[in-house]
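Dropping query02.txt in here (compact mmCIF, C-alpha atoms):
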```
# COMPACT_ATOMS: atom_id res chain seq x y z
CA MET A 1 114.51 96.39 92.96
CA LYS A 2 116.47 94.37 90.44
CA ILE A 3 119.71 92.64 91.44
CA TYR A 4 122.06 91.08 88.91
CA LEU A 5 124.06 88.43 90.74
CA VAL A 6 127.25 87.62 88.82
CA ARG A 7 129.65 84.75 89.34
CA HIS A 8 133.24 85.81 88.78
CA ALA A 9 134.89 84.81 85.52
CA GLU A 10 137.27 81.85 85.33
CA SER A 11 140.04 82.14 87.89
CA LEU A 12 143.35 80.34 88.14
CA GLY A 13 141.78 78.44 91.02
CA ASN A 14 138.97 77.12 88.82
CA ILE A 15 141.48 75.33 86.61
CA SER A 16 143.93 74.17 89.29
CA GLU A 17 142.08 71.20 90.85
CA SER A 18 142.49 72.85 94.24
CA PHE A 19 140.19 74.35 96.90
CA ASN A 20 140.10 78.11 96.53
CA GLY A 21 137.46 79.68 98.73
CA ARG A 22 139.29 82.54 100.46
CA GLN A 23 142.47 82.10 98.39
CA ASP A 24 142.90 85.40 96.58
CA VAL A 25 143.55 83.99 93.13
CA HIS A 26 143.38 86.12 89.98
CA LEU A 27 141.50 85.56 86.75
CA SER A 28 143.02 83.29 84.12
CA GLU A 29 143.58 84.65 80.62
CA ASN A 30 140.38 82.89 79.55
CA GLY A 31 138.63 84.45 82.52
CA ARG A 32 139.70 87.92 81.43
CA ILE A 33 138.14 87.27 78.03
CA GLN A 34 134.93 86.02 79.68
CA ALA A 35 134.73 89.11 81.88
CA SER A 36 135.30 91.45 78.94
CA MET A 37 132.52 89.71 77.02
CA LEU A 38 130.22 90.14 80.02
CA SER A 39 130.23 93.87 79.27
CA SER A 40 127.77 93.18 76.42
CA PHE A 41 125.16 92.11 78.97
CA PHE A 42 125.49 95.38 80.88
CA ASN A 43 125.67 97.71 77.87
CA ASP A 44 122.00 98.64 78.06
CA LYS A 45 121.68 98.46 81.85
CA LYS A 46 121.71 101.56 84.06
CA LEU A 47 123.22 100.44 87.35
CA ASP A 48 122.70 102.44 90.50
CA ARG A 49 125.32 100.56 92.53
CA VAL A 50 127.91 97.83 92.05
CA TYR A 51 128.98 95.48 94.85
CA THR A 52 131.82 92.98 94.86
CA SER A 53 133.39 90.65 97.36
CA GLU A 54 136.80 91.61 98.71
CA LEU A 55 138.54 88.98 96.58
CA THR A 56 140.50 89.95 93.50
CA ARG A 57 138.69 87.64 91.06
CA THR A 58 135.35 89.39 91.58
CA ILE A 59 136.90 92.86 91.42
CA GLN A 60 138.73 91.98 88.19
CA THR A 61 135.52 90.57 86.70
CA ALA A 62 133.56 93.70 87.57
CA SER A 63 136.34 95.98 86.30
CA LEU A 64 136.46 94.27 82.90
CA ALA A 65 132.69 94.03 82.59
CA LEU A 66 132.10 97.62 83.74
CA PRO A 67 135.17 99.61 82.66
CA GLY A 68 135.46 103.04 84.18
CA LEU A 69 133.33 102.29 87.23
CA GLU A 70 136.05 100.73 89.40
CA SER A 71 136.19 103.67 91.82
CA THR A 72 132.50 103.23 92.65
CA PHE A 73 132.62 99.53 93.60
CA ILE A 74 131.43 98.72 97.13
CA LYS A 75 133.40 95.78 98.53
CA LYS A 76 131.68 93.61 101.12
CA GLU A 77 133.44 90.96 103.19
CA ASN A 78 130.21 88.99 103.57
CA LEU A 79 130.10 88.43 99.79
CA ASN A 80 133.39 86.48 99.99
CA GLU A 81 133.47 82.82 99.01
CA ILE A 82 133.08 80.06 101.62
CA ASN A 83 136.04 79.72 103.97
CA GLY A 84 137.58 76.29 103.43
CA GLY A 85 139.80 76.52 106.51
CA ASP A 86 142.63 73.99 106.35
CA TRP A 87 141.55 72.92 102.85
CA GLU A 88 142.38 76.32 101.38
CA GLY A 89 144.95 76.22 98.60
CA ARG A 90 145.37 72.44 98.77
CA PHE A 91 144.91 70.15 95.80
CA TYR A 92 141.78 68.00 95.97
CA VAL A 93 143.81 64.78 95.90
CA ASP A 94 145.73 65.93 98.99
CA ILE A 95 142.56 66.96 100.82
CA LEU A 96 141.14 63.49 100.15
CA LYS A 97 144.26 61.92 101.65
CA LEU A 98 144.17 64.06 104.79
CA TRP A 99 140.43 64.57 105.35
CA GLY A 100 138.86 61.87 103.20
CA GLU A 101 135.56 61.37 105.00
CA GLU A 102 134.83 65.06 105.50
CA PHE A 103 135.79 65.98 101.93
CA ARG A 104 133.58 63.20 100.57
CA LYS A 105 130.75 64.79 102.53
CA TRP A 106 131.56 68.12 100.83
CA ARG A 107 131.17 66.44 97.45
CA GLU A 108 128.18 64.25 98.25
CA ALA A 109 126.28 66.03 101.07
CA PRO A 110 127.92 69.46 101.48
CA HIS A 111 125.39 70.64 104.06
CA GLU A 112 126.85 68.03 106.42
CA ALA A 113 130.51 68.91 105.82
CA GLN A 114 132.64 70.94 108.21
CA PRO A 115 135.97 72.06 106.74
CA PRO A 116 138.50 72.04 109.60
CA ASN A 117 138.90 75.57 110.93
CA GLY A 118 136.56 76.74 108.17
CA GLU A 119 132.96 77.53 107.47
CA ASN A 120 130.08 75.14 106.86
CA VAL A 121 127.23 75.75 104.44
CA ASN A 122 124.82 76.76 107.21
CA ASP A 123 127.31 79.40 108.38
CA LEU A 124 127.67 80.55 104.78
CA LYS A 125 123.92 80.91 104.35
CA THR A 126 123.59 83.06 107.46
CA ARG A 127 126.42 85.29 106.26
CA VAL A 128 125.38 85.76 102.62
CA VAL A 129 121.66 86.18 103.27
CA GLY A 130 122.66 88.89 105.73
CA ALA A 131 124.75 90.52 102.99
CA LEU A 132 121.85 90.37 100.53
CA GLU A 133 119.43 91.92 103.01
CA GLU A 134 121.98 94.62 103.84
CA ILE A 135 122.28 95.49 100.14
CA VAL A 136 118.49 95.69 99.84
CA SER A 137 118.31 97.99 102.88
CA GLU A 138 120.97 100.31 101.42
CA ASN A 139 119.10 100.96 98.16
CA SER A 140 115.77 102.35 97.03
CA THR A 141 113.05 100.05 95.78
CA ASP A 142 113.48 101.16 92.15
CA SER A 143 117.25 100.53 92.10
CA THR A 144 119.16 98.30 89.71
CA ILE A 145 122.15 96.66 91.37
CA ALA A 146 125.01 94.42 90.25
CA VAL A 147 126.60 92.05 92.77
CA PHE A 148 129.79 90.21 91.78
CA SER A 149 130.43 87.18 93.97
CA HIS A 150 131.21 83.45 93.98
CA GLY A 151 129.83 80.02 93.14
CA ALA A 152 128.97 78.73 96.61
CA VAL A 153 127.63 82.14 97.61
CA ILE A 154 125.25 82.16 94.64
CA LYS A 155 124.12 78.56 95.22
CA THR A 156 123.35 79.46 98.83
CA ILE A 157 121.40 82.59 97.88
CA ILE A 158 119.34 80.51 95.44
CA THR A 159 118.30 78.17 98.27
CA PHE A 160 117.10 81.25 100.15
CA ILE A 161 115.26 82.85 97.22
CA ARG A 162 113.53 79.58 96.31
CA SER A 163 112.74 78.71 99.96
CA LEU A 164 114.70 75.47 99.68
CA PRO A 165 116.26 73.66 102.64
CA ILE A 166 120.02 73.95 102.91
CA ASP A 167 120.42 70.29 101.96
CA ALA A 168 119.27 71.33 98.46
CA PHE A 169 122.65 73.07 98.05
CA ILE A 170 123.96 70.01 96.22
CA ASP A 171 120.97 69.98 93.88
CA ILE A 172 121.75 73.46 92.53
CA ALA A 173 124.20 73.47 89.66
CA TRP A 174 127.48 75.36 89.80
CA TYR A 175 126.65 78.25 87.51
CA GLU A 176 128.91 79.13 84.61
CA ASN A 177 131.77 81.51 85.30
CA SER A 178 130.74 85.10 84.46
CA SER A 179 127.07 84.05 84.36
CA VAL A 180 124.29 86.39 85.49
CA THR A 181 121.30 85.56 87.69
CA GLU A 182 118.47 88.05 88.13
CA ILE A 183 116.81 88.54 91.52
CA ASN A 184 113.82 90.82 92.00
CA TYR A 185 112.71 92.32 95.31
CA GLU A 186 109.29 93.90 95.67
CA ASN A 187 107.08 94.53 98.71
CA GLY A 188 109.37 92.51 100.95
CA VAL A 189 109.40 89.46 98.67
CA TYR A 190 112.32 88.04 96.68
CA SER A 191 111.77 86.28 93.38
CA LEU A 192 114.04 84.71 90.81
CA GLY A 193 113.95 86.14 87.30
CA PHE A 194 116.44 84.22 85.15
CA TYR A 195 119.45 82.29 86.33
CA ASP A 196 122.84 81.17 85.00
CA ASN A 197 122.57 83.35 81.91
CA HIS A 198 125.81 83.10 79.95
CA ASP A 199 124.60 83.96 76.46
CA HIS A 200 127.48 86.44 76.14
CA LEU A 201 129.98 83.57 76.02
CA PRO A 202 130.79 81.49 72.96
CA ASN A 203 130.75 77.78 73.78
CA GLU A 204 134.48 77.30 73.33
CA ILE A 205 135.45 79.58 76.24
CA LYS A 206 132.89 78.39 78.81
CA THR A 207 134.46 76.87 81.91
CA VAL A 208 131.80 74.70 83.53
CA ALA A 209 130.25 73.51 80.26
CA ASN A 210 133.63 72.37 78.93
CA SER A 211 134.70 70.47 82.04
CA GLU A 212 133.96 66.80 82.63
CA TRP A 213 132.72 67.47 86.17
CA GLY A 214 130.54 70.30 84.90
CA ARG A 215 128.79 68.13 82.32
CA SER A 216 128.27 65.38 84.89
CA MET A 217 126.93 67.84 87.49
CA LYS A 218 124.47 69.43 85.06
CA SER A 219 122.96 66.03 84.33
CA THR A 220 122.19 65.28 87.99
CA CYS A 221 121.23 68.66 89.49
CA LYS A 222 117.56 69.49 90.00
CA TYR A 223 117.83 73.29 89.95
```

As structure tokens, how would this structure be written, given the file I've shared?
Amino acid sequence: MKIYLVRHAESLGNISESFNGRQDVHLSENGRIQASMLSSFFNDKKLDRVYTSELTRTIQTASLALPGLESTFIKKENLNEINGGDWEGRFYVDILKLWGEEFRKWREAPHEAQPPNGENVNDLKTRVVGALEEIVSENSTDSTIAVFSHGAVIKTIITFIRSLPIDAFIDIAWYENSSVTEINYENGVYSLGFYDNHDHLPNEIKTVANSEWGRSMKSTCKY
């Protein structure tokens, strides 16, 4: 089985300096261009099924990348982004004022952070690994699947695929918006093909690569 794991294209939340896990933000205009360009990756792929989270930004990304297939999308709650609880929709500067110590943990040791009334990274891993295994169980071994989801979800799945401890979450880069990661599943074993493939995007419209935090993060991450 081959699974293409796709991070949604640039959303309004990605450019707002605010925490948008479960916030149902839409794609930005740049994000719509990214998602349309993603179609070139899938042009020669025969997909048996397409999964998305329940959030609009993944559904919009999939719709623009795979026009005409919208009615076939399977939406799964457990592919949703991490639940930031009381941080949701708040600007980072305000979160730092109200929950400084806990939010610093999120930035420096996210596996230790507990968003108030939200979900921690260990909870997230349990949820999204369960979603991945459910997808595998629903499809034949020779299937080719596309899964449109979110940044923290993908980072968490990578820790699982690579048999890394959850504290390695911080060492995995935030993949580019609309990037594709290939996961293979054979004889009960997961393996990573390629990851963070965004060759379909010209440099000038990339989100992570053109942000100061993105360049800094890429220089320090191990995976």

Spatial neighbours of Asn83 (chain A), 7 Å, only C-alpha atoms, chain gap at least 2 places, as a PDB file with C-alpha atoms, in the frame of the given file:
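The result, written out as part-v4.pdb:
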```
ATOM      1  CA  GLY A  21     137.460  79.680  98.730  1.00  0.00           C
ATOM      2  CA  ARG A  22     139.290  82.540 100.460  1.00  0.00           C
ATOM      3  CA  GLU A  81     133.470  82.820  99.010  1.00  0.00           C
ATOM      4  CA  GLY A  85     139.800  76.520 106.510  1.00  0.00           C
ATOM      5  CA  GLY A 118     136.560  76.740 108.170  1.00  0.00           C
ATOM      6  CA  GLU A 119     132.960  77.530 107.470  1.00  0.00           C
TER       7      GLU A 119
END
```

Between A:Trp174, A:Phe169, A:Tyr223, A:Phe160, which residue has the minimum interatomic distance to Pro110 (chain A), considering only C-alpha atoms?
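Of all the options, A:Phe169 lies closest to Pro110 (chain A).
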
Just checking: using only C-alpha atoms, which residue out of A:Gly89, A:Gly100, A:Gly84, A:Pro67 ends up closest to Gly13 (chain A)?
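Checking each candidate against Gly13 (chain A), we get A:Gly89 as the closest.
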
Counting all atoms listed in the file, which residues of region 68-158 of chain A sit at most 12 Å from some atom of region 184-200 of chain A, and what is each one's closest atom pair with its distance in Å to one decimal, listed by chain and rising residue number, as JSON lines?
```
{"residue": "A:Val129", "atom": "CA", "partner": "A:Tyr190", "partner_atom": "CA", "distance": 11.6}
{"residue": "A:Leu132", "atom": "CA", "partner": "A:Tyr190", "partner_atom": "CA", "distance": 10.5}
{"residue": "A:Glu133", "atom": "CA", "partner": "A:Tyr185", "partner_atom": "CA", "distance": 10.2}
{"residue": "A:Ile135", "atom": "CA", "partner": "A:Tyr185", "partner_atom": "CA", "distance": 11.2}
{"residue": "A:Val136", "atom": "CA", "partner": "A:Tyr185", "partner_atom": "CA", "distance": 8.1}
{"residue": "A:Ser137", "atom": "CA", "partner": "A:Gly188", "partner_atom": "CA", "distance": 10.7}
{"residue": "A:Asn139", "atom": "CA", "partner": "A:Tyr185", "partner_atom": "CA", "distance": 11.1}
{"residue": "A:Ser140", "atom": "CA", "partner": "A:Tyr185", "partner_atom": "CA", "distance": 10.6}
{"residue": "A:Thr141", "atom": "CA", "partner": "A:Glu186", "partner_atom": "CA", "distance": 7.2}
{"residue": "A:Asp142", "atom": "CA", "partner": "A:Glu186", "partner_atom": "CA", "distance": 9.1}
{"residue": "A:Ser143", "atom": "CA", "partner": "A:Tyr185", "partner_atom": "CA", "distance": 9.9}
{"residue": "A:Thr144", "atom": "CA", "partner": "A:Asn184", "partner_atom": "CA", "distance": 9.5}
{"residue": "A:Ile145", "atom": "CA", "partner": "A:Asn184", "partner_atom": "CA", "distance": 10.2}
{"residue": "A:Ala146", "atom": "CA", "partner": "A:Asn184", "partner_atom": "CA", "distance": 11.9}
{"residue": "A:Gly151", "atom": "CA", "partner": "A:Asp196", "partner_atom": "CA", "distance": 10.8}
{"residue": "A:Ile154", "atom": "CA", "partner": "A:Asp196", "partner_atom": "CA", "distance": 10.0}
{"residue": "A:Lys155", "atom": "CA", "partner": "A:Asp196", "partner_atom": "CA", "distance": 10.6}
{"residue": "A:Ile157", "atom": "CA", "partner": "A:Leu192", "partner_atom": "CA", "distance": 10.4}
{"residue": "A:Ile158", "atom": "CA", "partner": "A:Leu192", "partner_atom": "CA", "distance": 8.2}
```

Keeping C-alpha atoms for every residue in the selection just given, could you write it to a file as a PDB file, keeping the file's coordinate frame?
```pdb
ATOM      1  CA  VAL A 129     121.660  86.180 103.270  1.00  0.00           C
ATOM      2  CA  LEU A 132     121.850  90.370 100.530  1.00  0.00           C
ATOM      3  CA  GLU A 133     119.430  91.920 103.010  1.00  0.00           C
ATOM      4  CA  ILE A 135     122.280  95.490 100.140  1.00  0.00           C
ATOM      5  CA  VAL A 136     118.490  95.690  99.840  1.00  0.00           C
ATOM      6  CA  SER A 137     118.310  97.990 102.880  1.00  0.00           C
ATOM      7  CA  ASN A 139     119.100 100.960  98.160  1.00  0.00           C
ATOM      8  CA  SER A 140     115.770 102.350  97.030  1.00  0.00           C
ATOM      9  CA  THR A 141     113.050 100.050  95.780  1.00  0.00           C
ATOM     10  CA  ASP A 142     113.480 101.160  92.150  1.00  0.00           C
ATOM     11  CA  SER A 143     117.250 100.530  92.100  1.00  0.00           C
ATOM     12  CA  THR A 144     119.160  98.300  89.710  1.00  0.00           C
ATOM     13  CA  ILE A 145     122.150  96.660  91.370  1.00  0.00           C
ATOM     14  CA  ALA A 146     125.010  94.420  90.250  1.00  0.00           C
ATOM     15  CA  GLY A 151     129.830  80.020  93.140  1.00  0.00           C
ATOM     16  CA  ILE A 154     125.250  82.160  94.640  1.00  0.00           C
ATOM     17  CA  LYS A 155     124.120  78.560  95.220  1.00  0.00           C
ATOM     18  CA  ILE A 157     121.400  82.590  97.880  1.00  0.00           C
ATOM     19  CA  ILE A 158     119.340  80.510  95.440  1.00  0.00           C
TER      20      ILE A 158
END
```

Spatial neighbours of Lys206 (chain A), max dist 9 Å, only C-alpha atoms, sep filter under 6 positions, as a PDB file with C-alpha atoms, in the coordinates of the input:
```
ATOM      1  CA  GLU A  10     137.270  81.850  85.330  1.00  0.00           C
ATOM      2  CA  ASN A  30     140.380  82.890  79.550  1.00  0.00           C
ATOM      3  CA  GLN A  34     134.930  86.020  79.680  1.00  0.00           C
ATOM      4  CA  GLU A 176     128.910  79.130  84.610  1.00  0.00           C
ATOM      5  CA  ASN A 177     131.770  81.510  85.300  1.00  0.00           C
ATOM      6  CA  HIS A 198     125.810  83.100  79.950  1.00  0.00           C
TER       7      HIS A 198
END
```

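Taking all atoms listed in the file, the non-local environment of Phe103 (chain A) within 12 Å (same-chain residues fewer than 2 positions away omitted) comprises Phe19, Gly84, Asp86, Trp87, Arg90, Phe91, Tyr92, Val93, Asp94, Ile95, Leu96, Lys97, Leu98, Trp99, Gly100, Glu101, Lys105, Trp106, Arg107, Glu108, Ala109, Pro110, His111, Glu112, Ala113, Gln114, Pro115, Pro116 and Asn120 of chain A.
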
Can you write just those residues out, C-alpha atoms, as a PDB file, in the frame of the given file?
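Produced file part-v2.pdb, reproduced below:
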```
ATOM      1  CA  PHE A  19     140.190  74.350  96.900  1.00  0.00           C
ATOM      2  CA  GLY A  84     137.580  76.290 103.430  1.00  0.00           C
ATOM      3  CA  ASP A  86     142.630  73.990 106.350  1.00  0.00           C
ATOM      4  CA  TRP A  87     141.550  72.920 102.850  1.00  0.00           C
ATOM      5  CA  ARG A  90     145.370  72.440  98.770  1.00  0.00           C
ATOM      6  CA  PHE A  91     144.910  70.150  95.800  1.00  0.00           C
ATOM      7  CA  TYR A  92     141.780  68.000  95.970  1.00  0.00           C
ATOM      8  CA  VAL A  93     143.810  64.780  95.900  1.00  0.00           C
ATOM      9  CA  ASP A  94     145.730  65.930  98.990  1.00  0.00           C
ATOM     10  CA  ILE A  95     142.560  66.960 100.820  1.00  0.00           C
ATOM     11  CA  LEU A  96     141.140  63.490 100.150  1.00  0.00           C
ATOM     12  CA  LYS A  97     144.260  61.920 101.650  1.00  0.00           C
ATOM     13  CA  LEU A  98     144.170  64.060 104.790  1.00  0.00           C
ATOM     14  CA  TRP A  99     140.430  64.570 105.350  1.00  0.00           C
ATOM     15  CA  GLY A 100     138.860  61.870 103.200  1.00  0.00           C
ATOM     16  CA  GLU A 101     135.560  61.370 105.000  1.00  0.00           C
ATOM     17  CA  LYS A 105     130.750  64.790 102.530  1.00  0.00           C
ATOM     18  CA  TRP A 106     131.560  68.120 100.830  1.00  0.00           C
ATOM     19  CA  ARG A 107     131.170  66.440  97.450  1.00  0.00           C
ATOM     20  CA  GLU A 108     128.180  64.250  98.250  1.00  0.00           C
ATOM     21  CA  ALA A 109     126.280  66.030 101.070  1.00  0.00           C
ATOM     22  CA  PRO A 110     127.920  69.460 101.480  1.00  0.00           C
ATOM     23  CA  HIS A 111     125.390  70.640 104.060  1.00  0.00           C
ATOM     24  CA  GLU A 112     126.850  68.030 106.420  1.00  0.00           C
ATOM     25  CA  ALA A 113     130.510  68.910 105.820  1.00  0.00           C
ATOM     26  CA  GLN A 114     132.640  70.940 108.210  1.00  0.00           C
ATOM     27  CA  PRO A 115     135.970  72.060 106.740  1.00  0.00           C
ATOM     28  CA  PRO A 116     138.500  72.040 109.600  1.00  0.00           C
ATOM     29  CA  ASN A 120     130.080  75.140 106.860  1.00  0.00           C
TER      30      ASN A 120
END
```

Among listed residues A:Leu124, A:Asn20, A:Ala9, A:Asn14, nearest Ser211 (chain A) (using all atoms listed in the file)
A:Asn14

Between A:Glu182, A:Glu102, A:Asp171, A:Asp48, single out the one closest to Lys222 (chain A), counting only C-alpha atoms.
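The shortest atom-to-atom distance to Lys222 (chain A) comes from A:Asp171.
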
Shortest contact to Ala65 (chain A), candidates A:Ser149, A:Leu12, A:Phe42, A:Asn122, atoms counted only C-alpha atoms, goes to A:Phe42

Smallest atom-to-atom distance to His26 (chain A): which of A:Arg57, A:Arg127, A:Arg162, A:Arg49, using all atoms listed in the file?
A:Arg57

The distance between CA of Ser11 (chain A) and CA of Glu29 (chain A) is 8.5 Å

Can you measure CA of Glu70 (chain A) to CA of Thr207 (chain A) for me? One decimal in Å is fine.
25.1 Å

Each side padded by 8 Å, which centre and which edge lengths in Å (one decimal) define the axis-aligned box around the listed atoms of region 113-129 of chain A? Give them as lines of an AutoDock Vina configuration file.
```
center_x = 130.3
center_y = 77.5
center_z = 106.8
size_x = 33.2
size_y = 33.3
size_z = 24.3
```

Atomic separation - CA of Glu54 (chain A) relative to CA of Val153 (chain A), Å
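Between CA of Val153 (chain A) and CA of Glu54 (chain A) the gap works out to 13.2 Å.
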
Could you name the residues that touch Lys75 (chain A) at 10 Å or less, counting only C-alpha atoms, but leaving out those on the same chain fewer than 2 positions away, as a short mmCIF file (atom, residue, chain, number, x, y, z; two decimals) with C-alpha atoms, in the frame of the given file?
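Below you can see selection_16.cif, which holds the result:
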```
data_model
loop_
_atom_site.label_atom_id
_atom_site.label_comp_id
_atom_site.auth_asym_id
_atom_site.auth_seq_id
_atom_site.Cartn_x
_atom_site.Cartn_y
_atom_site.Cartn_z
CA VAL A 50 127.91 97.83 92.05
CA TYR A 51 128.98 95.48 94.85
CA THR A 52 131.82 92.98 94.86
CA SER A 53 133.39 90.65 97.36
CA GLU A 54 136.80 91.61 98.71
CA LEU A 55 138.54 88.98 96.58
CA THR A 58 135.35 89.39 91.58
CA ILE A 59 136.90 92.86 91.42
CA THR A 72 132.50 103.23 92.65
CA PHE A 73 132.62 99.53 93.60
CA GLU A 77 133.44 90.96 103.19
CA ASN A 78 130.21 88.99 103.57
CA LEU A 79 130.10 88.43 99.79
CA ASN A 80 133.39 86.48 99.99
CA VAL A 147 126.60 92.05 92.77
CA PHE A 148 129.79 90.21 91.78
#
```

Expected file for region 134-153 of chain A keeping N, CA and C atoms, as a PDB file, in the first residue's frame:
```
ATOM      1  N   GLU A 134      -6.546   2.722  10.904  1.00  0.00           N
ATOM      2  CA  GLU A 134      -7.915   2.522  10.409  1.00  0.00           C
ATOM      3  C   GLU A 134      -7.952   2.631   8.889  1.00  0.00           C
ATOM      4  N   ILE A 135      -7.234   3.602   8.339  1.00  0.00           N
ATOM      5  CA  ILE A 135      -7.163   3.758   6.879  1.00  0.00           C
ATOM      6  C   ILE A 135      -6.545   2.526   6.239  1.00  0.00           C
ATOM      7  N   VAL A 136      -5.475   2.022   6.830  1.00  0.00           N
ATOM      8  CA  VAL A 136      -4.830   0.809   6.304  1.00  0.00           C
ATOM      9  C   VAL A 136      -5.808  -0.358   6.322  1.00  0.00           C
ATOM     10  N   SER A 137      -6.574  -0.485   7.396  1.00  0.00           N
ATOM     11  CA  SER A 137      -7.499  -1.621   7.518  1.00  0.00           C
ATOM     12  C   SER A 137      -8.662  -1.530   6.533  1.00  0.00           C
ATOM     13  N   GLU A 138      -8.965  -0.327   6.053  1.00  0.00           N
ATOM     14  CA  GLU A 138     -10.102  -0.121   5.160  1.00  0.00           C
ATOM     15  C   GLU A 138      -9.754  -0.340   3.686  1.00  0.00           C
ATOM     16  N   ASN A 139      -8.468  -0.577   3.392  1.00  0.00           N
ATOM     17  CA  ASN A 139      -8.038  -0.642   1.999  1.00  0.00           C
ATOM     18  C   ASN A 139      -7.198  -1.879   1.729  1.00  0.00           C
ATOM     19  N   SER A 140      -7.211  -2.310   0.477  1.00  0.00           N
ATOM     20  CA  SER A 140      -6.440  -3.497   0.097  1.00  0.00           C
ATOM     21  C   SER A 140      -4.951  -3.172   0.051  1.00  0.00           C
ATOM     22  N   THR A 141      -4.150  -4.203   0.086  1.00  0.00           N
ATOM     23  CA  THR A 141      -2.705  -4.020   0.197  1.00  0.00           C
ATOM     24  C   THR A 141      -2.075  -3.386  -1.034  1.00  0.00           C
ATOM     25  N   ASP A 142      -2.765  -3.428  -2.170  1.00  0.00           N
ATOM     26  CA  ASP A 142      -2.216  -2.832  -3.395  1.00  0.00           C
ATOM     27  C   ASP A 142      -2.812  -1.452  -3.682  1.00  0.00           C
ATOM     28  N   SER A 143      -3.453  -0.845  -2.694  1.00  0.00           N
ATOM     29  CA  SER A 143      -4.116   0.445  -2.879  1.00  0.00           C
ATOM     30  C   SER A 143      -3.112   1.600  -2.902  1.00  0.00           C
ATOM     31  N   THR A 144      -3.536   2.679  -3.549  1.00  0.00           N
ATOM     32  CA  THR A 144      -2.822   3.953  -3.495  1.00  0.00           C
ATOM     33  C   THR A 144      -3.788   4.987  -2.927  1.00  0.00           C
ATOM     34  N   ILE A 145      -3.388   5.608  -1.832  1.00  0.00           N
ATOM     35  CA  ILE A 145      -4.267   6.454  -1.032  1.00  0.00           C
ATOM     36  C   ILE A 145      -3.666   7.845  -0.907  1.00  0.00           C
ATOM     37  N   ALA A 146      -4.514   8.866  -0.899  1.00  0.00           N
ATOM     38  CA  ALA A 146      -4.079  10.221  -0.549  1.00  0.00           C
ATOM     39  C   ALA A 146      -4.771  10.632   0.747  1.00  0.00           C
ATOM     40  N   VAL A 147      -3.985  11.208   1.659  1.00  0.00           N
ATOM     41  CA  VAL A 147      -4.510  11.655   2.951  1.00  0.00           C
ATOM     42  C   VAL A 147      -4.109  13.119   3.133  1.00  0.00           C
ATOM     43  N   PHE A 148      -5.104  14.002   3.199  1.00  0.00           N
ATOM     44  CA  PHE A 148      -4.859  15.435   3.350  1.00  0.00           C
ATOM     45  C   PHE A 148      -5.084  15.806   4.817  1.00  0.00           C
ATOM     46  N   SER A 149      -4.016  16.298   5.462  1.00  0.00           N
ATOM     47  CA  SER A 149      -4.119  16.574   6.891  1.00  0.00           C
ATOM     48  C   SER A 149      -3.296  17.812   7.245  1.00  0.00           C
ATOM     49  N   HIS A 150      -2.655  17.794   8.411  1.00  0.00           N
ATOM     50  CA  HIS A 150      -2.116  19.007   9.030  1.00  0.00           C
ATOM     51  C   HIS A 150      -0.683  18.810   9.518  1.00  0.00           C
ATOM     52  N   GLY A 151      -0.033  19.944   9.813  1.00  0.00           N
ATOM     53  CA  GLY A 151       1.373  19.927  10.180  1.00  0.00           C
ATOM     54  C   GLY A 151       1.713  19.083  11.385  1.00  0.00           C
ATOM     55  N   ALA A 152       1.042  19.316  12.511  1.00  0.00           N
ATOM     56  CA  ALA A 152       1.351  18.553  13.724  1.00  0.00           C
ATOM     57  C   ALA A 152       0.962  17.088  13.564  1.00  0.00           C
ATOM     58  N   VAL A 153      -0.103  16.827  12.835  1.00  0.00           N
ATOM     59  CA  VAL A 153      -0.510  15.444  12.563  1.00  0.00           C
ATOM     60  C   VAL A 153       0.597  14.714  11.809  1.00  0.00           C
TER      61      VAL A 153
END
```
